[in-house]
Amino acid sequence: MRTVIVDDDGLVAISLKTILEAQGIEVAATGNDGKEAIELYHQYHPDVLLMDIQMKEMSGLEAAEQILIEDAEAKILFLTTFSDDEYIVKALRLGTKGYLLKQDHNSILPALQAVYSGQTVFGTEIISKIPELLQS
């Protein structure tokens, strides 16, 4: 599985890269904002794009929207510290394949593998919010 990691915190991106590569995941590149995410997606065509939401220049949500317009089959997994309802709803509407909180770090590798195999994944805290969000 080839991934691209995009996070505006360089330490987080490098740490994730190190952890994933130790587990046999190929990390083709890392980036630090939404514009770079789009460029790296076009350049590497990753199996899964692992991306933060709030970033400088362009957010992960904006980048995901552009990528999914061009490639509806893109597998984008959000990894963020924000469990804001608005972000979750937008991610669902865009058709991204997952939404995890960084605090749930033990779920990152299984979530990547699940998204790669075609599943949609949400962290525990996110799953508990979905019924309420669907009603509103």
# chains A, B, ... in the order shown; residues from 1 in each chain; ligands from 1
>>> select_by_dssp(residues="stretch 40-110 of chain A", states="alpha helix (DSSP H)", output="ChimeraX atom specification")
/A:40-44,60-70,85-94,108-110
>>> residues_around(residues="A:Ile14", least_positions_apart="3", cutoff="12 Å", atoms="only C-alpha atoms", output="list in words")
Val4, Ile5, Val6, Asp7, Asp8, Asp9, Gly10, Leu11, Lys17, Thr18, Ile19, Leu20, Glu21, Val27, Ala29, Thr30, Gly31 and Asn32 of chain A
>>> closest_residue(among="A:Asn106, A:Glu26, A:Ala114, A:Ala64", to="A:Lys90", atoms="only C-alpha atoms")
A:Ala64
>>> residues_around(residues="A:Lys102", least_positions_apart="6", cutoff="9 Å", atoms="only C-alpha atoms", output="tab-separated table (two decimals) with N, CA and C atoms, in the first residue's frame")
chain	number	residue	atom	x	y	z
A	79	LEU	N	-7.11	12.47	9.51
A	79	LEU	CA	-6.53	12.25	10.83
A	79	LEU	C	-6.33	13.63	11.44
A	80	THR	N	-7.13	13.95	12.45
A	80	THR	CA	-7.16	15.32	12.95
A	80	THR	C	-7.38	15.35	14.46
A	81	THR	N	-7.22	16.51	15.04
A	81	THR	CA	-7.52	16.67	16.46
A	81	THR	C	-8.92	17.24	16.65
A	82	PHE	N	-9.62	17.55	15.55
A	82	PHE	CA	-10.90	18.24	15.62
A	82	PHE	C	-12.07	17.30	15.39
A	108	ILE	N	-4.75	4.04	13.76
A	108	ILE	CA	-4.29	4.56	12.47
A	108	ILE	C	-3.95	3.44	11.49
>>> closest_atom_pairs(of="stretch 13-88 of chain A", to="stretch 92-98 of chain A", cutoff="12 Å", atoms="only C-alpha atoms", output="tab-separated table")
residue	atom	partner	partner_atom	distance
A:Asp47	CA	A:Lys97	CA	11.7
A:Val48	CA	A:Lys97	CA	9.2
A:Leu49	CA	A:Lys97	CA	9.8
A:Leu50	CA	A:Gly98	CA	9.4
A:Met51	CA	A:Gly98	CA	10.3
A:Asp52	CA	A:Gly98	CA	11.5
A:Ile53	CA	A:Thr96	CA	11.9
A:Gly60	CA	A:Thr96	CA	10.9
A:Leu61	CA	A:Leu94	CA	8.3
A:Glu62	CA	A:Leu94	CA	9.8
A:Ala63	CA	A:Leu94	CA	10.7
A:Ala64	CA	A:Thr96	CA	7.5
A:Glu65	CA	A:Leu94	CA	6.2
A:Gln66	CA	A:Leu94	CA	9.8
A:Ile67	CA	A:Leu94	CA	10.1
A:Leu68	CA	A:Leu94	CA	7.5
A:Ile69	CA	A:Leu94	CA	9.2
A:Asp71	CA	A:Gly95	CA	11.2
A:Ala72	CA	A:Gly95	CA	8.3
A:Glu73	CA	A:Gly95	CA	9.3
A:Ala74	CA	A:Thr96	CA	8.0
A:Lys75	CA	A:Lys97	CA	5.8
A:Ile76	CA	A:Thr96	CA	5.2
A:Leu77	CA	A:Gly98	CA	4.6
A:Phe78	CA	A:Gly98	CA	5.9
A:Leu79	CA	A:Gly98	CA	8.4
A:Thr80	CA	A:Gly98	CA	10.9
A:Asp85	CA	A:Leu92	CA	10.6
A:Glu86	CA	A:Leu92	CA	10.0
A:Tyr87	CA	A:Leu92	CA	8.6
A:Ile88	CA	A:Leu92	CA	6.2
>>> write_last_selection(atoms="N, CA and C atoms", output="tab-separated table (two decimals), in the first residue's frame")
chain	number	residue	atom	x	y	z
A	47	ASP	N	-2.52	4.95	-2.78
A	47	ASP	CA	-3.68	4.10	-2.49
A	47	ASP	C	-4.55	4.76	-1.43
A	48	VAL	N	-3.90	5.43	-0.47
A	48	VAL	CA	-4.62	6.16	0.58
A	48	VAL	C	-3.90	7.46	0.86
A	49	LEU	N	-4.66	8.55	0.91
A	49	LEU	CA	-4.14	9.86	1.30
A	49	LEU	C	-4.55	10.09	2.75
A	50	LEU	N	-3.57	10.16	3.65
A	50	LEU	CA	-3.80	10.39	5.07
A	50	LEU	C	-3.56	11.87	5.33
A	51	MET	N	-4.60	12.60	5.75
A	51	MET	CA	-4.51	14.05	5.76
A	51	MET	C	-5.18	14.69	6.97
A	52	ASP	N	-4.58	15.76	7.44
A	52	ASP	CA	-5.15	16.59	8.51
A	52	ASP	C	-6.24	17.46	7.89
A	53	ILE	N	-7.05	18.09	8.73
A	53	ILE	CA	-8.11	18.97	8.23
A	53	ILE	C	-7.68	20.43	8.27
A	60	GLY	N	-7.62	20.62	4.60
A	60	GLY	CA	-7.75	19.27	4.10
A	60	GLY	C	-9.11	19.03	3.46
A	61	LEU	N	-10.15	19.66	3.99
A	61	LEU	CA	-11.48	19.51	3.40
A	61	LEU	C	-11.53	20.10	1.99
A	62	GLU	N	-10.92	21.28	1.82
A	62	GLU	CA	-10.88	21.90	0.49
A	62	GLU	C	-10.09	21.05	-0.48
A	63	ALA	N	-8.96	20.53	-0.02
A	63	ALA	CA	-8.12	19.68	-0.87
A	63	ALA	C	-8.87	18.40	-1.24
A	64	ALA	N	-9.53	17.78	-0.26
A	64	ALA	CA	-10.28	16.55	-0.52
A	64	ALA	C	-11.37	16.80	-1.55
A	65	GLU	N	-12.05	17.92	-1.44
A	65	GLU	CA	-13.11	18.24	-2.40
A	65	GLU	C	-12.56	18.31	-3.81
A	66	GLN	N	-11.44	18.99	-3.99
A	66	GLN	CA	-10.84	19.10	-5.33
A	66	GLN	C	-10.38	17.74	-5.84
A	67	ILE	N	-9.73	16.98	-4.99
A	67	ILE	CA	-9.24	15.66	-5.39
A	67	ILE	C	-10.40	14.75	-5.79
A	68	LEU	N	-11.46	14.75	-4.99
A	68	LEU	CA	-12.60	13.87	-5.26
A	68	LEU	C	-13.40	14.29	-6.49
A	69	ILE	N	-13.37	15.56	-6.83
A	69	ILE	CA	-14.00	16.01	-8.08
A	69	ILE	C	-13.26	15.41	-9.27
A	71	ASP	N	-11.11	12.73	-9.08
A	71	ASP	CA	-11.00	11.27	-8.94
A	71	ASP	C	-11.94	10.80	-7.85
A	72	ALA	N	-13.14	10.43	-8.25
A	72	ALA	CA	-14.17	10.01	-7.29
A	72	ALA	C	-13.77	8.75	-6.52
A	73	GLU	N	-12.78	8.02	-7.02
A	73	GLU	CA	-12.34	6.80	-6.37
A	73	GLU	C	-11.21	7.04	-5.34
A	74	ALA	N	-10.78	8.28	-5.19
A	74	ALA	CA	-9.70	8.60	-4.25
A	74	ALA	C	-10.09	8.15	-2.84
A	75	LYS	N	-9.13	7.55	-2.16
A	75	LYS	CA	-9.35	7.09	-0.79
A	75	LYS	C	-8.63	8.06	0.16
A	76	ILE	N	-9.44	8.89	0.81
A	76	ILE	CA	-8.91	9.92	1.69
A	76	ILE	C	-9.35	9.61	3.12
A	77	LEU	N	-8.36	9.55	4.00
A	77	LEU	CA	-8.60	9.29	5.42
A	77	LEU	C	-8.14	10.51	6.20
A	78	PHE	N	-9.06	11.15	6.91
A	78	PHE	CA	-8.70	12.30	7.73
A	78	PHE	C	-8.19	11.84	9.09
A	79	LEU	N	-7.11	12.47	9.51
A	79	LEU	CA	-6.53	12.25	10.83
A	79	LEU	C	-6.33	13.63	11.44
A	80	THR	N	-7.13	13.95	12.45
A	80	THR	CA	-7.16	15.32	12.95
A	80	THR	C	-7.38	15.35	14.46
A	85	ASP	N	-18.58	18.95	14.66
A	85	ASP	CA	-19.68	18.38	13.87
A	85	ASP	C	-19.63	18.85	12.42
A	86	GLU	N	-19.35	20.11	12.22
A	86	GLU	CA	-19.31	20.68	10.87
A	86	GLU	C	-18.27	19.97	10.00
A	87	TYR	N	-17.10	19.70	10.54
A	87	TYR	CA	-16.05	19.01	9.80
A	87	TYR	C	-16.46	17.58	9.46
A	88	ILE	N	-17.06	16.90	10.43
A	88	ILE	CA	-17.47	15.51	10.23
A	88	ILE	C	-18.52	15.43	9.13
>>> select_by_dssp(residues="chain A", states="strand (DSSP E)", output="ChimeraX atom specification")
/A:2-6,26-31,48-51,76-80,98-101,121-122
>>> atom_distance(atom1="atom CA of A:Lys35", atom2="atom CA of A:Glu70")
14.4 Å
